[in-house]
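**Student:** Dropping a structure here in structure tokens format, bear with me for questions.
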Amino acid sequence: MQATTTPVRATTPTARSPRGERIMAAIGRGPRTAPHGTRNDALLAIALAALAAGVVPLGEHGLRPDALGWTLLFLAHVPLVWRRRRPVLVLFAVVACVVPYHALDNNHSAPIPATMTVLYTIAATGTARRTLLTGATVLGVTLTVNALTNPDGVREVLRIFGWIIAVLFCGMSTRFYRQYIAAIVERAERAERTREEEARRRVAEERLRIARDLHDLLAHSITLIGVQTSVAAHVLTADPDRLDRTAVAKALDDIAETCRTARGELRGTLEVLREPEHGVEHGVEARGPLPGLDGLPDLVDAARVGGARVEVSVAADDVPSAVGAAAYRIVQEALTNAVRHGGADVAVRVVVRADVGALRVSVTDDGAVGGGDV
């Protein structure tokens with residue numbers, strides 16, 4: 001059993017690393033569903049503004065912004081706080097600040113990180129159509145601004161176009177990856193629900209089978225005990241002066257034997273409830289020892305002890321266990337009814353024979369109530 005349970009334990013969620021689960025959750029989580037999104041975006045805007053301020057001194061001295069240029073540069077980073085909620089409106093706000101900033105011929109590299117961040121957010125949260133329209137619009141605006149401010153910078157235009165396309169492609173790839181992860185998780189959850197429903201269905205079927213077996217077992221045993229008790233009572237009261245101790249002892253022994261047999265069958269039937277590790281919890285259909293055609297002689301002996309005259313004929317080999325168990329229960333119920341309602345010294349004939357693709361069971365009695373086939 002250890003060899004079979006070890007791989008099951010290895011695949012349980014408790015065996016995963018908590019750090020790995022957090023990393024996978026962060027990667028698969030959408031930008032709009034991330035916790036503390038506004039706070040994180042505010043910190044990101046501050047960091048990008050500081051980066052832009054650090055990039056400005058690295059450029060040519062003539063391109064350093066004046067007071068208006070600094071104001072436009074820092075205002076372009078303020079809308080980033082709401083980039084997750086309204087990415088398109090944030091892009092318009094950023095472009096509204098960046099276009100005059102470039103038109104004043106300030107350092108052109110400083111606002112690039114903020115612009116690229118907004119473009120990535122649009123591609124990662126929107127549809128492919130919106131991403132393409134946004135990219136075309138931004139490329140058109142960039143081409144127009146660059147043509148007005150730097151007509152000879154063809155290489156600069158190509159470099160900007162490459163960065164914009166790369167950022168949009170990265171955002172779309174991230175969105176597709178998150179959709180793929182969400183589909184995998186949804187299929188796994190659906191499979192888990194299906195597995196749980198299947199387990200519940202098997203448990204319900206097993207409970208029904210146990211209840212049916214217990215009913216048949218107890219009804220048969222209690223009926224025989226009742227008949228044997230009546231025999232003992234009749235011997236005791238029929239002729240008190242000439243008490244047949246041998247008959248009374250035999251009746252009591254028969255009662256004890258019936259109780260022992262019933263107790264053994266009851267223990268075997270309930271064994272499935274005492275060993276859940278072999279049950280449906282691990283996907284194995286748990287079943288106790290099912291009686292089959294080999295148990296018919298015991299039923300016949302018990303019925304004969306109850307006063308019935310039973311003849312049995314079995315002509316069946318290699319019967320499936322489920323079919324044999326069904327035949328056993330049918331004969332058990334029929335003999336119980338014959339002993340209970342057929343009157344004293346009832347004659348019962350049991351015939352079990354295999355047919356083409358079927359097993360035929362016939363139980364006939366000539367009791368006082370009226371015989372019949374089962």
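By order in the structure tokens, chains are A, B, ...; within a chain, residues start at 1; ligands start at 1, following the order shown.
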Give one line per residue of segment 40-63 of chain A that approaches segment 70-93 of chain A to at most 9 Å, naming the two atoms of the closest pair and their distance in Å to one decimal, counting only C-alpha atoms; sort by chain then ascending residue number and deliver it as a Markdown table.
**Tutor:**
```
| residue | atom | partner | partner_atom | distance |
| --- | --- | --- | --- | --- |
| A:Asn40 | CA | A:Val81 | CA | 8.2 |
| A:Asp41 | CA | A:Val81 | CA | 4.8 |
| A:Ala42 | CA | A:Val81 | CA | 4.8 |
| A:Leu43 | CA | A:Val81 | CA | 8.2 |
| A:Leu44 | CA | A:Leu80 | CA | 7.8 |
| A:Ala45 | CA | A:His77 | CA | 5.6 |
| A:Ile46 | CA | A:His77 | CA | 7.6 |
| A:Leu48 | CA | A:His77 | CA | 7.3 |
| A:Ala49 | CA | A:His77 | CA | 6.1 |
| A:Ala52 | CA | A:Leu73 | CA | 7.9 |
| A:Ala53 | CA | A:Trp70 | CA | 8.6 |
```
**Student:** Save the residues we just selected, C-alpha atoms, as a tab-separated table (two decimals), in the first residue's frame?
**Tutor:**
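Below is the file that was written, result-v4.tsv:
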```tsv
chain	number	residue	atom	x	y	z
A	40	ASN	CA	1.51	49.85	-6.24
A	41	ASP	CA	0.82	52.03	-9.27
A	42	ALA	CA	1.43	55.17	-7.21
A	43	LEU	CA	4.79	53.81	-6.15
A	44	LEU	CA	5.51	52.86	-9.77
A	45	ALA	CA	4.65	56.40	-10.94
A	46	ILE	CA	7.02	57.87	-8.35
A	48	LEU	CA	9.32	56.26	-13.10
A	49	ALA	CA	9.26	60.00	-12.39
A	52	ALA	CA	12.91	60.32	-15.85
A	53	ALA	CA	14.49	63.01	-13.68
```
**Student:** Which residues come within 9 Å of Gly126 of chain A, counting only C-alpha atoms, excluding same-chain residues fewer than 4 positions away, as a PyMOL selection string?
**Tutor:** chain A and resi 87+121-122+130-131+172+175
**Student:** Go ahead and dump the residues you just picked, all heavy atoms, as a CSV table (one decimal), in the first residue's frame.
**Tutor:**
```csv
chain,number,residue,atom,x,y,z
A,87,PRO,N,-7.0,52.4,-18.6
A,87,PRO,CA,-5.7,52.5,-19.4
A,87,PRO,C,-5.8,53.4,-20.6
A,87,PRO,O,-4.8,54.1,-20.9
A,87,PRO,CB,-5.4,51.1,-19.7
A,87,PRO,CG,-6.7,50.4,-19.7
A,87,PRO,CD,-7.5,51.0,-18.6
A,121,THR,N,0.2,48.2,-20.4
A,121,THR,CA,-1.0,48.0,-19.7
A,121,THR,C,-2.2,47.8,-20.6
A,121,THR,O,-3.1,46.9,-20.4
A,121,THR,CB,-1.3,49.1,-18.7
A,121,THR,OG1,-0.2,49.3,-17.8
A,121,THR,CG2,-2.5,48.9,-17.9
A,122,ILE,N,-2.3,48.6,-21.7
A,122,ILE,CA,-3.3,48.5,-22.6
A,122,ILE,C,-3.3,47.2,-23.3
A,122,ILE,O,-4.3,46.5,-23.5
A,122,ILE,CB,-3.3,49.7,-23.7
A,122,ILE,CG1,-3.6,51.0,-23.0
A,122,ILE,CG2,-4.2,49.4,-24.8
A,122,ILE,CD1,-3.5,52.2,-23.9
A,130,ARG,N,-8.2,46.4,-29.8
A,130,ARG,CA,-7.9,47.7,-29.2
A,130,ARG,C,-6.4,47.9,-29.1
A,130,ARG,O,-5.9,49.0,-29.3
A,130,ARG,CB,-8.5,47.7,-27.7
A,130,ARG,CG,-8.4,49.0,-27.1
A,130,ARG,CD,-9.0,49.0,-25.7
A,130,ARG,NE,-8.0,48.4,-24.7
A,130,ARG,CZ,-8.2,48.3,-23.4
A,130,ARG,NH1,-9.3,48.8,-22.9
A,130,ARG,NH2,-7.3,47.7,-22.6
A,131,THR,N,-5.7,46.8,-28.9
A,131,THR,CA,-4.2,47.0,-28.9
A,131,THR,C,-3.7,47.5,-30.2
A,131,THR,O,-2.8,48.3,-30.3
A,131,THR,CB,-3.6,45.6,-28.5
A,131,THR,OG1,-4.1,45.2,-27.2
A,131,THR,CG2,-2.1,45.8,-28.4
A,172,MET,N,0.6,41.7,-25.1
A,172,MET,CA,-0.4,40.7,-25.7
A,172,MET,C,0.0,39.3,-25.3
A,172,MET,O,-0.8,38.5,-25.0
A,172,MET,CB,-0.4,40.9,-27.2
A,172,MET,CG,-1.1,42.2,-27.7
A,172,MET,SD,-1.1,42.3,-29.5
A,172,MET,CE,-2.2,41.0,-29.9
A,175,ARG,N,-1.0,38.7,-21.8
A,175,ARG,CA,-2.5,38.5,-21.7
A,175,ARG,C,-2.8,37.1,-22.1
A,175,ARG,O,-3.6,36.4,-21.5
A,175,ARG,CB,-3.2,39.5,-22.5
A,175,ARG,CG,-4.7,39.4,-22.5
A,175,ARG,CD,-5.4,40.6,-23.0
A,175,ARG,NE,-4.9,40.9,-24.4
A,175,ARG,CZ,-5.5,40.3,-25.5
A,175,ARG,NH1,-6.5,39.5,-25.4
A,175,ARG,NH2,-5.0,40.6,-26.7
```
**Student:** Rank A:Leu51, A:Leu133, A:Asp244, A:Val141 by their smallest atom-to-atom distance to Ile112 of chain A, using only C-alpha atoms, and report the top residue only.
**Tutor:** A:Leu51
**Student:** Show me, as a list in words, the residues that have an atom within 8 Å of Val98 of chain A when counting only C-alpha atoms, minus same-chain residues fewer than 2 positions from it.
**Tutor:** Leu72, Leu73, Ala76, Val94, Val95, Ala96, Pro100, Tyr101, His102 and Pro111 of chain A
